[in-house]
file final23.txt (compact mmCIF, C-alpha atoms and all ligand atoms)
# COMPACT_ATOMS: atom_id res chain seq x y z
CA MET V 1 -59.79 124.20 55.47
CA GLN V 2 -57.50 124.97 58.36
CA ILE V 3 -53.93 124.13 57.51
CA ASN V 4 -53.73 121.96 60.60
CA ASP V 5 -57.14 120.41 60.77
CA GLN V 6 -55.95 117.15 59.23
CA VAL V 7 -52.72 116.88 61.13
CA GLU V 8 -54.06 114.93 64.04
CA ALA V 9 -56.53 112.87 61.99
CA ASP V 10 -56.07 109.10 62.17
CA ARG V 11 -55.16 108.63 58.53
CA TRP V 12 -52.23 107.29 56.53
CA VAL V 13 -50.77 109.64 53.95
CA GLY V 14 -48.16 108.73 51.34
CA VAL V 15 -45.17 111.07 51.56
CA ALA V 16 -42.47 109.47 49.37
CA LEU V 17 -41.54 106.53 47.19
CA ASP V 18 -39.72 103.90 49.23
CA SER V 19 -37.15 103.48 46.44
CA GLN V 20 -36.16 107.14 46.64
CA ILE V 21 -35.35 107.05 50.33
CA GLN V 22 -31.99 105.35 50.16
CA SER V 23 -30.22 103.79 53.10
CA ALA V 24 -28.32 106.25 55.32
CA SER V 25 -30.20 109.34 54.15
CA SER V 26 -32.45 112.02 55.61
CA HIS V 27 -35.01 114.14 53.77
CA PRO V 28 -37.29 117.12 54.42
CA VAL V 29 -41.02 116.48 53.92
CA ILE V 30 -44.00 118.79 54.54
CA LEU V 31 -47.45 117.44 55.39
CA ASN V 32 -50.27 119.91 55.93
CA GLY V 33 -47.75 122.60 56.67
CA ARG V 34 -45.99 120.47 59.26
CA GLU V 35 -42.25 120.03 58.72
CA LEU V 36 -41.13 116.41 58.98
CA ALA V 37 -37.80 114.61 58.72
CA LEU V 38 -37.94 111.35 56.76
CA TRP V 39 -34.86 109.23 57.25
CA ARG V 40 -33.53 105.73 56.93
CA GLY V 41 -30.63 104.18 58.81
CA GLU V 42 -28.00 102.04 57.16
CA SER V 43 -30.55 99.24 57.38
CA GLY V 44 -34.20 98.88 58.20
CA PRO V 45 -37.36 100.84 57.47
CA ALA V 46 -37.74 104.57 56.92
CA ARG V 47 -38.89 106.70 59.85
CA VAL V 48 -40.71 109.99 60.09
CA TRP V 49 -40.18 112.47 62.92
CA ASP V 50 -40.96 116.09 63.45
CA ASP V 51 -38.23 118.08 61.74
CA ARG V 52 -37.10 119.64 65.02
CA CYS V 53 -34.13 118.67 67.09
CA PRO V 54 -35.08 118.54 70.78
CA HIS V 55 -31.88 120.43 71.58
CA ARG V 56 -32.46 123.82 69.93
CA GLY V 57 -35.10 123.06 67.36
CA MET V 58 -32.86 122.97 64.30
CA ARG V 59 -34.03 120.85 61.37
CA LEU V 60 -33.20 117.17 61.81
CA SER V 61 -33.58 116.59 58.05
CA PHE V 62 -30.28 118.46 57.62
CA GLY V 63 -28.68 115.80 59.82
CA PHE V 64 -26.75 112.73 58.78
CA VAL V 65 -27.00 109.03 59.45
CA ARG V 66 -24.40 106.89 61.19
CA GLY V 67 -25.32 103.27 61.71
CA ASN V 68 -29.00 103.38 62.59
CA THR V 69 -28.84 106.75 64.33
CA LEU V 70 -29.71 110.21 63.04
CA ARG V 71 -27.27 112.93 64.09
CA CYS V 72 -28.24 116.56 64.18
CA LEU V 73 -25.98 118.67 62.00
CA TYR V 74 -25.70 121.46 64.51
CA HIS V 75 -24.28 120.00 67.73
CA GLY V 76 -24.27 116.31 66.91
CA TRP V 77 -26.98 115.11 69.29
CA THR V 78 -27.56 111.51 68.23
CA TYR V 79 -30.98 109.86 68.10
CA GLY V 80 -31.73 106.15 67.92
CA GLU V 81 -34.55 104.64 65.89
CA ASN V 82 -37.05 105.03 68.72
CA GLY V 83 -36.28 108.76 68.85
CA HIS V 84 -34.41 108.71 72.13
CA CYS V 85 -31.24 110.75 72.37
CA GLU V 86 -28.32 108.38 72.78
CA ALA V 87 -25.33 110.68 72.81
CA ILE V 88 -24.45 114.35 73.28
CA PRO V 89 -20.96 115.02 71.91
CA ALA V 90 -20.37 118.02 74.18
CA HIS V 91 -20.96 115.74 77.20
CA PRO V 92 -19.50 112.40 76.18
CA ASP V 93 -19.74 110.93 79.68
CA LEU V 94 -23.38 111.82 80.18
CA ALA V 95 -26.10 109.26 79.53
CA PRO V 96 -28.82 111.50 78.06
CA PRO V 97 -32.03 111.46 80.09
CA LYS V 98 -34.91 109.48 78.56
CA THR V 99 -36.97 112.65 78.41
CA ILE V 100 -34.89 113.88 75.47
CA CYS V 101 -36.73 112.35 72.55
CA ALA V 102 -37.60 113.36 69.01
CA SER V 103 -41.32 113.44 68.11
CA THR V 104 -41.80 110.19 66.23
CA HIS V 105 -44.73 109.27 63.98
CA GLY V 106 -46.28 106.06 62.69
CA THR V 107 -44.57 105.01 59.46
CA ALA V 108 -45.31 102.15 57.06
CA ALA V 109 -44.08 101.00 53.66
CA LYS V 110 -46.66 99.50 51.31
CA TYR V 111 -46.99 99.34 47.50
CA GLY V 112 -43.53 100.96 47.29
CA ILE V 113 -44.81 104.07 49.07
CA ILE V 114 -43.86 105.38 52.51
CA TRP V 115 -46.95 106.23 54.57
CA VAL V 116 -47.19 108.41 57.64
CA ASN V 117 -49.87 108.66 60.29
CA LEU V 118 -49.50 111.72 62.51
CA SER V 119 -52.23 110.73 64.97
CA ALA V 120 -51.53 109.11 68.31
CA THR V 121 -54.19 106.40 67.86
CA ARG V 122 -53.28 104.89 64.46
CA ALA V 123 -56.33 102.63 64.33
CA ALA V 124 -56.80 103.33 60.61
CA HIS V 125 -55.29 101.11 57.92
CA VAL V 126 -53.16 102.00 54.95
CA PRO V 127 -55.53 101.98 51.92
CA ASP V 128 -56.13 98.48 50.56
CA LEU V 129 -55.23 97.81 46.95
CA PRO V 130 -55.70 94.78 44.74
CA ASN V 131 -52.57 92.98 43.53
CA GLN V 132 -50.67 93.94 46.59
CA PRO V 133 -47.34 92.56 45.34
CA GLY V 134 -45.93 93.79 42.07
CA TRP V 135 -46.19 97.54 42.52
CA LEU V 136 -43.22 99.34 41.00
CA PRO V 137 -42.19 102.97 41.48
CA VAL V 138 -42.95 105.47 38.69
CA ARG V 139 -42.06 108.80 40.29
CA SER V 140 -43.06 111.55 42.71
CA VAL V 141 -44.11 115.03 41.61
CA HIS V 142 -44.95 118.12 43.64
CA LEU V 143 -47.68 120.36 42.27
CA ARG V 144 -48.80 123.89 42.87
CA ALA V 145 -52.42 122.83 43.27
CA SER V 146 -54.70 121.70 46.08
CA ALA V 147 -55.34 118.01 46.74
CA PRO V 148 -58.94 118.23 45.38
CA GLN V 149 -57.62 119.92 42.23
CA VAL V 150 -55.07 117.15 41.81
CA LEU V 151 -57.72 114.44 42.21
CA ASP V 152 -59.87 116.11 39.59
CA GLY V 153 -56.87 116.47 37.33
CA ILE V 154 -56.02 112.77 37.61
CA ALA V 155 -59.59 111.84 36.68
CA GLU V 156 -59.74 114.24 33.74
CA PHE V 157 -56.28 113.68 32.29
CA ASP V 158 -56.00 112.26 28.78
CA TYR V 159 -53.88 109.13 29.24
CA GLY V 160 -54.04 108.33 25.55
CA GLU V 161 -56.07 105.19 26.19
CA PRO V 162 -59.31 104.31 28.00
CA ALA V 163 -58.95 105.05 31.72
CA ARG V 164 -61.12 104.20 34.73
CA THR V 165 -60.62 106.08 37.97
CA SER V 166 -61.53 104.96 41.47
CA MET V 167 -60.71 106.18 44.95
CA PRO V 168 -59.93 103.45 47.48
CA ALA V 169 -59.41 106.03 50.23
CA GLN V 170 -59.13 109.71 50.85
CA ASN V 171 -55.96 111.03 49.27
CA ALA V 172 -55.55 107.91 47.14
CA CYS V 173 -56.57 107.22 43.57
CA VAL V 174 -56.33 104.25 41.20
CA VAL V 175 -56.41 104.66 37.43
CA VAL V 176 -56.82 101.52 35.33
CA LEU V 177 -55.46 101.95 31.80
CA GLY V 178 -56.66 99.52 29.18
CA SER V 179 -57.20 96.07 30.63
CA ASP V 180 -53.95 95.58 32.38
CA THR V 181 -52.17 98.64 33.73
CA GLN V 182 -52.98 100.06 37.13
CA LEU V 183 -51.54 103.37 38.27
CA PHE V 184 -51.83 104.18 41.95
CA PHE V 185 -51.57 107.80 43.07
CA ALA V 186 -50.98 108.67 46.74
CA LEU V 187 -51.67 112.33 47.46
CA GLN V 188 -49.72 114.26 50.06
CA PRO V 189 -51.40 117.53 51.03
CA ILE V 190 -48.47 119.89 51.61
CA GLY V 191 -50.31 123.19 51.96
CA LEU V 192 -53.55 124.71 50.78
CA ASP V 193 -52.29 124.95 47.21
CA LYS V 194 -49.47 122.47 47.17
CA THR V 195 -49.66 118.70 46.84
CA GLY V 196 -47.19 115.85 46.53
CA LEU V 197 -48.12 112.92 44.30
CA HIS V 198 -46.41 109.55 44.62
CA VAL V 199 -47.10 107.19 41.75
CA VAL V 200 -46.57 103.43 41.41
CA VAL V 201 -47.60 101.03 38.64
CA ASN V 202 -48.79 97.43 38.48
CA GLU V 203 -49.09 95.55 35.21
CA SER V 204 -48.65 91.98 34.10
CA GLY V 205 -45.28 91.60 32.53
CA GLU V 206 -43.02 93.74 34.65
CA PRO V 207 -42.64 97.12 32.93
CA GLN V 208 -39.15 97.59 31.57
CA ILE V 209 -37.04 100.74 31.76
CA PRO V 210 -38.38 102.53 28.64
CA ARG V 211 -41.96 101.82 29.75
CA ARG V 212 -41.32 103.17 33.25
CA GLN V 213 -39.62 106.26 31.79
CA ARG V 214 -42.61 106.82 29.54
CA LEU V 215 -44.95 106.59 32.52
CA ALA V 216 -42.71 108.98 34.48
CA ARG V 217 -42.88 111.46 31.60
CA GLN V 218 -46.63 111.10 31.53
CA VAL V 219 -46.85 111.88 35.25
CA ALA V 220 -44.76 115.03 34.67
CA ARG V 221 -47.20 115.94 31.91
CA LEU V 222 -50.12 115.31 34.25
CA ARG V 223 -48.45 117.65 36.77
CA ASP V 224 -47.97 120.37 34.16
CA THR V 225 -51.55 119.94 32.89
CA ILE V 226 -53.02 120.27 36.38
CA GLU V 227 -50.89 123.33 37.15
CA ALA V 228 -51.94 124.96 33.89
CA GLY V 229 -55.56 124.66 35.00
CA GLY V 230 -56.36 121.57 32.95
CA GLY V 231 -59.49 123.19 31.56
CA GLY V 232 -61.47 122.08 34.61
CA VAL V 233 -63.42 124.41 36.87
CA TRP V 234 -62.15 124.39 40.43
CA PRO V 235 -63.13 123.70 43.03
CA SER V 236 -65.27 121.06 41.46
CA PRO V 237 -68.48 119.84 43.08
CA ARG V 238 -67.21 116.28 43.01
CA THR V 239 -67.07 115.03 46.57
CA LEU V 240 -63.93 113.43 47.88
CA MET S 241 2.56 124.86 35.46
CA ALA S 242 1.36 127.58 37.75
CA LEU S 243 -2.35 127.63 38.36
CA LYS S 244 -3.79 130.63 40.15
CA LEU S 245 -7.43 131.03 41.09
CA TYR S 246 -8.95 134.41 41.90
CA ASP S 247 -11.31 133.14 44.50
CA TYR S 248 -13.92 133.99 47.13
CA SER S 249 -14.72 131.24 49.59
CA LEU S 250 -18.47 131.94 49.77
CA SER S 251 -18.91 132.03 45.98
CA GLY S 252 -20.64 129.00 44.50
CA SER S 253 -19.06 129.76 41.11
CA CYS S 254 -15.55 129.71 42.58
CA TYR S 255 -16.54 126.53 44.43
CA LYS S 256 -17.23 124.82 41.08
CA VAL S 257 -13.61 125.43 40.11
CA ARG S 258 -12.21 124.47 43.52
CA LEU S 259 -14.16 121.20 43.36
CA LEU S 260 -12.78 120.22 39.95
CA LEU S 261 -9.25 121.22 40.96
CA ALA S 262 -9.61 118.87 43.94
CA PHE S 263 -11.11 116.03 41.86
CA LEU S 264 -8.18 116.38 39.44
CA LYS S 265 -5.67 116.59 42.33
CA LEU S 266 -4.24 119.84 41.01
CA ASP S 267 -2.22 122.26 43.14
CA TYR S 268 -3.01 125.91 42.73
CA ALA S 269 -2.50 129.28 44.33
CA ARG S 270 -5.55 131.13 45.69
CA GLU S 271 -5.83 134.87 45.48
CA GLN S 272 -8.69 135.93 47.75
CA VAL S 273 -10.90 138.60 46.20
CA ASP S 274 -12.74 140.75 48.74
CA PHE S 275 -16.11 140.26 47.04
CA TYR S 276 -18.08 141.35 50.10
CA PRO S 277 -18.05 143.91 51.56
CA GLY S 278 -15.02 145.20 49.58
CA ARG S 279 -16.54 144.76 46.08
CA ALA S 280 -12.98 144.18 44.92
CA HIS S 281 -14.30 142.35 41.84
CA LYS S 282 -15.54 145.71 40.56
CA SER S 283 -12.22 147.48 41.20
CA LEU S 284 -10.25 148.85 38.23
CA ASP S 285 -7.45 146.43 39.02
CA PHE S 286 -9.76 143.44 38.87
CA LEU S 287 -11.58 144.71 35.77
CA GLU S 288 -8.25 144.45 33.98
CA LEU S 289 -8.32 140.72 34.77
CA ASN S 290 -12.00 140.32 33.88
CA PRO S 291 -13.87 143.23 32.33
CA LEU S 292 -17.13 141.56 33.37
CA GLY S 293 -16.19 142.11 37.00
CA GLN S 294 -16.99 138.52 37.98
CA ILE S 295 -15.22 135.76 39.84
CA PRO S 296 -13.74 133.24 39.37
CA VAL S 297 -10.77 134.00 37.15
CA LEU S 298 -8.17 131.33 36.50
CA GLU S 299 -4.61 131.89 35.33
CA ASP S 300 -2.50 129.07 33.96
CA GLY S 301 0.88 130.48 33.00
CA ASP S 302 0.12 133.21 30.47
CA LEU S 303 -3.44 132.11 29.87
CA ARG S 304 -6.22 133.90 31.73
CA LEU S 305 -9.82 132.66 31.72
CA ARG S 306 -13.09 133.89 33.16
CA ASP S 307 -16.46 132.09 33.51
CA ALA S 308 -16.68 129.05 35.77
CA GLN S 309 -18.06 126.81 33.02
CA ALA S 310 -15.30 127.78 30.57
CA ILE S 311 -12.70 127.17 33.28
CA LEU S 312 -14.16 123.71 34.00
CA CYS S 313 -13.92 122.83 30.31
CA TYR S 314 -10.34 124.04 30.10
CA LEU S 315 -9.15 122.23 33.22
CA ALA S 316 -10.85 118.97 32.25
CA ASP S 317 -9.57 119.15 28.68
CA LYS S 318 -6.00 119.86 29.70
CA TYR S 319 -5.52 117.92 32.91
CA ASP S 320 -7.95 114.99 32.90
CA LYS S 321 -6.22 112.47 30.69
CA SER S 322 -8.91 109.88 31.46
CA GLY S 323 -11.52 112.01 29.70
CA GLN S 324 -14.01 111.19 32.44
CA TRP S 325 -14.92 114.73 33.43
CA LEU S 326 -15.27 116.03 29.84
CA PRO S 327 -16.27 113.05 27.69
CA ARG S 328 -15.19 113.23 24.03
CA ASP S 329 -17.91 110.90 22.76
CA PRO S 330 -20.00 113.35 20.68
CA ASP S 331 -23.36 112.45 22.25
CA LEU S 332 -22.01 112.73 25.77
CA PHE S 333 -19.98 115.85 24.93
CA GLY S 334 -23.07 117.57 23.59
CA THR S 335 -25.12 116.54 26.61
CA VAL S 336 -22.47 117.79 29.02
CA MET S 337 -22.30 121.13 27.18
CA MET S 338 -26.08 121.46 27.29
CA TRP S 339 -26.18 121.07 31.08
CA LEU S 340 -23.12 123.32 31.49
CA MET S 341 -25.05 126.11 29.77
CA PHE S 342 -27.98 125.36 32.06
CA ALA S 343 -25.67 125.65 35.09
CA GLY S 344 -24.38 129.03 33.93
CA GLY S 345 -27.87 130.16 32.89
CA GLU S 346 -31.13 128.99 34.44
CA ILE S 347 -29.65 127.67 37.69
CA MET S 348 -28.06 131.07 38.39
CA ALA S 349 -31.50 132.28 39.49
CA ALA S 350 -30.79 130.34 42.70
CA SER S 351 -27.54 132.28 43.06
CA ALA S 352 -29.45 135.54 42.64
CA ALA S 353 -31.89 134.54 45.39
CA ARG S 354 -28.97 133.71 47.67
CA LEU S 355 -27.27 137.06 46.98
CA HIS S 356 -30.55 138.75 47.86
CA ASP S 357 -31.06 136.86 51.11
CA SER S 358 -27.50 136.73 52.38
CA LEU S 359 -25.92 139.92 51.01
CA GLY S 360 -28.96 142.13 50.55
CA TYR S 361 -28.77 142.45 46.77
CA ASP S 362 -31.63 144.52 45.38
CA LEU S 363 -33.57 142.28 43.01
CA ASP S 364 -37.01 140.73 42.45
CA ILE S 365 -36.70 137.88 44.94
CA ALA S 366 -40.06 136.29 44.12
CA ALA S 367 -39.15 136.11 40.43
CA ALA S 368 -35.68 134.74 41.23
CA ARG S 369 -37.11 131.98 43.44
CA GLN S 370 -39.73 131.08 40.86
CA LYS S 371 -37.12 130.81 38.12
CA ALA S 372 -34.88 128.73 40.35
CA HIS S 373 -37.75 126.35 41.15
CA ALA S 374 -38.50 126.04 37.43
CA ALA S 375 -34.85 125.17 36.77
CA PHE S 376 -34.69 122.71 39.66
CA ARG S 377 -37.79 120.96 38.36
CA ILE S 378 -36.19 120.52 34.94
CA LEU S 379 -33.08 118.99 36.48
CA ASP S 380 -35.15 116.86 38.89
CA ASP S 381 -37.23 115.55 35.96
CA HIS S 382 -34.03 114.69 34.09
CA LEU S 383 -32.45 112.95 37.09
CA THR S 384 -35.70 111.08 37.74
CA LEU S 385 -35.52 109.52 34.27
CA ARG S 386 -31.83 108.82 34.79
CA ALA S 387 -32.54 107.10 38.11
CA ILE S 388 -35.02 104.74 36.39
CA GLU S 389 -32.00 103.67 34.30
CA SER S 390 -30.08 103.19 37.56
CA THR S 391 -27.80 106.10 36.70
CA ARG S 392 -27.32 108.90 39.17
CA TRP S 393 -25.29 111.34 37.08
CA ILE S 394 -26.42 114.06 34.68
CA ALA S 395 -24.66 112.57 31.63
CA GLY S 396 -23.17 109.13 31.14
CA ASP S 397 -22.53 106.67 33.93
CA HIS S 398 -19.98 108.68 35.91
CA PRO S 399 -19.76 112.27 37.17
CA THR S 400 -18.76 114.96 34.66
CA ILE S 401 -18.19 118.70 34.75
CA ALA S 402 -21.95 119.03 34.15
CA ASP S 403 -22.50 117.66 37.67
CA VAL S 404 -19.73 119.88 39.05
CA ALA S 405 -21.26 122.97 37.42
CA CYS S 406 -24.83 122.26 38.53
CA PHE S 407 -24.11 121.12 42.08
CA PRO S 408 -23.09 124.28 44.03
CA TYR S 409 -26.11 126.52 43.51
CA VAL S 410 -28.56 123.65 43.84
CA ALA S 411 -26.95 122.63 47.12
CA LEU S 412 -26.71 126.24 48.39
CA SER S 413 -30.26 127.21 47.45
CA GLY S 414 -31.56 127.07 51.02
CA ASP S 415 -29.57 130.26 51.64
CA GLY S 416 -31.91 131.89 49.11
CA GLY S 417 -35.12 130.49 50.59
CA ILE S 418 -35.41 127.65 48.06
CA GLY S 419 -35.91 124.28 49.79
CA HIS S 420 -35.28 120.81 48.41
CA GLU S 421 -38.57 119.28 49.60
CA ASP S 422 -40.02 119.03 46.08
CA TYR S 423 -37.02 117.40 44.43
CA PRO S 424 -36.34 113.82 45.54
CA ALA S 425 -34.10 113.00 42.58
CA LEU S 426 -32.06 116.17 43.16
CA ARG S 427 -31.58 115.20 46.80
CA ASN S 428 -30.27 111.75 45.91
CA TRP S 429 -27.98 113.18 43.24
CA MET S 430 -26.59 115.75 45.70
CA ARG S 431 -25.93 113.03 48.26
CA ALA S 432 -24.10 110.91 45.66
CA PHE S 433 -22.05 113.95 44.65
CA ARG S 434 -21.09 114.71 48.24
CA ARG S 435 -19.86 111.14 48.61
CA LEU S 436 -17.37 111.44 45.72
CA PRO S 437 -13.72 110.92 46.64
CA ARG S 438 -11.96 114.27 47.31
CA PHE S 439 -15.27 116.12 47.60
CA HIS S 440 -14.87 119.00 50.02
CA ALA S 441 -17.46 121.15 51.70
CA MET S 442 -17.94 124.90 51.78
CA SER S 443 -19.86 127.16 54.10
CA GLY S 444 -23.54 126.24 53.67
CA ILE S 445 -22.85 122.73 52.37
CA PRO S 446 -22.20 120.28 55.19
CA GLU S 447 -19.23 118.01 55.03
CA PHE S 448 -21.03 115.11 56.72
CA VAL S 449 -23.27 113.08 54.47
S1 LIG Z 501 -29.95 121.78 67.61
FE1 LIG Z 501 -29.66 119.68 67.23
S2 LIG Z 501 -27.89 119.21 68.37
FE2 LIG Z 501 -28.19 121.28 68.83
call {"tool": "encode", "arguments": {"input": "final23.txt", "output": "structure tokens"}}
result
Amino acid sequence: MQINDQVEADRWVGVALDSQIQSASSHPVILNGRELALWRGESGPARVWDDRCPHRGMRLSFGFVRGNTLRCLYHGWTYGENGHCEAIPAHPDLAPPKTICASTHGTAAKYGIIWVNLSATRAAHVPDLPNQPGWLPVRSVHLRASAPQVLDGIAEFDYGEPARTSMPAQNACVVVLGSDTQLFFALQPIGLDKTGLHVVVNESGEPQIPRRQRLARQVARLRDTIEAGGGGVWPSPRTL
Amino acid sequence: MALKLYDYSLSGSCYKVRLLLAFLKLDYAREQVDFYPGRAHKSLDFLELNPLGQIPVLEDGDLRLRDAQAILCYLADKYDKSGQWLPRDPDLFGTVMMWLMFAGGEIMAASAARLHDSLGYDLDIAAARQKAHAAFRILDDHLTLRAIESTRWIAGDHPTIADVACFPYVALSGDGGIGHEDYPALRNWMRAFRRLPRFHAMSGIPEFV
């Protein structure tokens, strides 16, 4: 697999839990080796741009939010939600030319997960799940393992109760525990041997704090199990 | 009262003490130690102040203390009448102590990586980064569970010296080649910390948040 061969693919990939991207914050995210800045203004949806300031290429994720603009930490160039540069502090009287624009990407929030599509076409859909409302955040983990290893690990993990695994889309996995609990795993390929995993839960009777903490602990245990090799043989012949 | 801090502006350990002094609104004198390139902390004069040859050192009248974590405990015990920064409730006290030890222990791998990258210290950088990542994961796991309870701080429902002690080398870790991409709960905790009243920045930690 080339590190970049998925970058342009028309595909939605989960990169964070919506609840963890607070208002007025910016975050570094890596997808298939590509550095991205994930940020949210004081209101409105999260956005994903290339993590490069058009001025001198410094990382925009180090920047800070004022209103619904993202300001680069280094020289304060200020970008609006559409990516266009709106102000250059060193030249306060200059209206920045429209050509100065951050590289923006398709972003969506669904099931409590923030999804990114790096392709220009964006004809694909975010994976469809049953019970669309009612998904609650469990947690994100980042594993030293490839995405196929993580998928195998999710399927093989001992959840302590009967579990059924299905894959509604590439890089997405649903585990049904017992009769009632659905865990949804969105995989974020970071590099060849690094994967982000963003987990949400759906069960009748909204899970209370101790239940969600227990699920979060279980996801950490899943992470540690997969990293320890999990007893599986990788790469497995199971097709994705 | 005459507080005097033997200080180096680029030291994350000294920064822990400067942060708490600011949170507690305490005035103090700063004696700059030429840590780099002068290695003044290894001079015979300084070794009389701290035989370990480490900064910070705090003097309060006739009392002289070394070790950032010990200094945080002392300052909070003596000068924070509210008891917020060093809670006396036994459960919280124990929890704060546990994470203070972690700040002075496991998290210092991130300091080692930074000394390697920025000052050329001769050490096993791969091992230092790996240990720092292991420590960051433990703190991120903890803060993840805390966030589910709608609490952003390491212990209790307000910031304590455990947060002060853990913050600097987590926030400065990029200088040692350790990014924050893998640690969403750490990032949110750092942002909350930087928004505290009287928080001040240091080189490598931006003021704007
Ligand atoms: S590099 Fe971003 S403003 Fe200069």
call {"tool": "residues_near_point", "arguments": {"input": "final23.txt", "point": "(-12.0, 121.0, 32.1)", "cutoff": "12 Å", "atoms": "only C-alpha atoms", "output": "PyMOL selection string"}}
result
chain S and resi 256-261+263-264+266+298+305+308-328+333+336-337+340+400-402+404-405
call {"tool": "atom_distance", "arguments": {"input": "final23.txt", "atom1": "atom CA of Asp267 of chain S", "atom2": "atom CA of Pro446 of chain S"}}
result
23.4 Å
call {"tool": "residues_near_ligand", "arguments": {"input": "final23.txt", "ligand": "ligand LIG 501 (chain Z)", "cutoff": "9 Å", "atoms": "only C-alpha atoms and all ligand atoms", "output": "ChimeraX atom specification"}}
result
/V:52-60,63,71-78,88-89
call {"tool": "write_last_selection", "arguments": {"input": "final23.txt", "atoms": "C-alpha atoms", "output": "compact mmCIF listing (two decimals), keeping the file's coordinate frame"}}
result
# COMPACT_ATOMS: atom_id res chain seq x y z
CA ARG V 52 -37.10 119.64 65.02
CA CYS V 53 -34.13 118.67 67.09
CA PRO V 54 -35.08 118.54 70.78
CA HIS V 55 -31.88 120.43 71.58
CA ARG V 56 -32.46 123.82 69.93
CA GLY V 57 -35.10 123.06 67.36
CA MET V 58 -32.86 122.97 64.30
CA ARG V 59 -34.03 120.85 61.37
CA LEU V 60 -33.20 117.17 61.81
CA GLY V 63 -28.68 115.80 59.82
CA ARG V 71 -27.27 112.93 64.09
CA CYS V 72 -28.24 116.56 64.18
CA LEU V 73 -25.98 118.67 62.00
CA TYR V 74 -25.70 121.46 64.51
CA HIS V 75 -24.28 120.00 67.73
CA GLY V 76 -24.27 116.31 66.91
CA TRP V 77 -26.98 115.11 69.29
CA THR V 78 -27.56 111.51 68.23
CA ILE V 88 -24.45 114.35 73.28
CA PRO V 89 -20.96 115.02 71.91
call {"tool": "closest_atom_pairs", "arguments": {"input": "final23.txt", "of": "chain V", "to": "chain S", "cutoff": "9 Å", "atoms": "only C-alpha atoms", "output": "CSV"}}
result
residue,atom,partner,partner_atom,distance
V:Ala16,CA,S:Pro424,CA,8.4
V:Gln20,CA,S:Pro424,CA,6.8
V:Ile21,CA,S:Asn428,CA,8.2
V:Gln22,CA,S:Asn428,CA,7.9
V:Ala24,CA,S:Val449,CA,8.5
V:Ser25,CA,S:Val449,CA,7.9
V:His27,CA,S:Glu421,CA,7.5
V:Pro28,CA,S:Glu421,CA,5.4
V:Val29,CA,S:Glu421,CA,5.7
V:Ile30,CA,S:Glu421,CA,7.4
V:Phe62,CA,S:Pro446,CA,8.6
V:Gly63,CA,S:Val449,CA,8.1
V:Phe64,CA,S:Val449,CA,5.6
V:Val65,CA,S:Val449,CA,7.4
V:Leu73,CA,S:Pro446,CA,8.0
V:Pro137,CA,S:Ile388,CA,9.0
V:Val138,CA,S:Ile388,CA,8.3
V:Arg139,CA,S:Thr384,CA,7.2
V:Ser140,CA,S:Pro424,CA,7.6
V:Val141,CA,S:Asp422,CA,7.3
V:His142,CA,S:Asp422,CA,5.6
V:Leu143,CA,S:Asp422,CA,8.7
V:Gly196,CA,S:Asp422,CA,7.9
V:Ile209,CA,S:Glu389,CA,6.4
V:Pro210,CA,S:Glu389,CA,8.6
V:Arg212,CA,S:Ile388,CA,7.2
V:Gln213,CA,S:Leu385,CA,5.8
V:Arg214,CA,S:Leu385,CA,8.9
V:Ala216,CA,S:Leu385,CA,7.2
V:Arg217,CA,S:Leu385,CA,8.1
V:Ala220,CA,S:Asp381,CA,7.7
call {"tool": "residues_near_point", "arguments": {"input": "final23.txt", "point": "(-39.6, 101.1, 57.8)", "cutoff": "8 Å", "atoms": "all atoms listed in the file", "output": "VMD selection string"}}
result
chain V and resid 40 44 to 47 107 to 109
call {"tool": "atom_distance", "arguments": {"input": "final23.txt", "atom1": "atom CA of Pro127 of chain V", "atom2": "atom CA of Gly160 of chain V"}}
result
27.2 Å
call {"tool": "residues_around", "arguments": {"input": "final23.txt", "residues": "Gly414 of chain S", "least_positions_apart": "5", "cutoff": "12 Å", "atoms": "only C-alpha atoms", "output": "PyMOL selection string"}}
result
(chain V and resi 28+62) or (chain S and resi 350-351+353-355+357-358+369+372-373+408-409+419-421+444-445)
call {"tool": "write_last_selection", "arguments": {"input": "final23.txt", "atoms": "C-alpha atoms", "output": "JSON list (two decimals), in the frame of the given file"}}
result
[["chain", "number", "residue", "atom", "x", "y", "z"],
["V", 28, "PRO", "CA", -37.29, 117.12, 54.42],
["V", 62, "PHE", "CA", -30.28, 118.46, 57.62],
["S", 350, "ALA", "CA", -30.79, 130.34, 42.70],
["S", 351, "SER", "CA", -27.54, 132.28, 43.06],
["S", 353, "ALA", "CA", -31.89, 134.54, 45.39],
["S", 354, "ARG", "CA", -28.97, 133.71, 47.67],
["S", 355, "LEU", "CA", -27.27, 137.06, 46.98],
["S", 357, "ASP", "CA", -31.06, 136.86, 51.11],
["S", 358, "SER", "CA", -27.50, 136.73, 52.38],
["S", 369, "ARG", "CA", -37.11, 131.98, 43.44],
["S", 372, "ALA", "CA", -34.88, 128.73, 40.35],
["S", 373, "HIS", "CA", -37.75, 126.35, 41.15],
["S", 408, "PRO", "CA", -23.09, 124.28, 44.03],
["S", 409, "TYR", "CA", -26.11, 126.52, 43.51],
["S", 419, "GLY", "CA", -35.91, 124.28, 49.79],
["S", 420, "HIS", "CA", -35.28, 120.81, 48.41],
["S", 421, "GLU", "CA", -38.57, 119.28, 49.60],
["S", 444, "GLY", "CA", -23.54, 126.24, 53.67],
["S", 445, "ILE", "CA", -22.85, 122.73, 52.37]]
call {"tool": "closest_residue", "arguments": {"input": "final23.txt", "among": "V:Leu136, V:Trp12, V:Glu227, V:Asp51", "to": "Thr121 of chain V", "atoms": "only C-alpha atoms"}}
result
V:Trp12
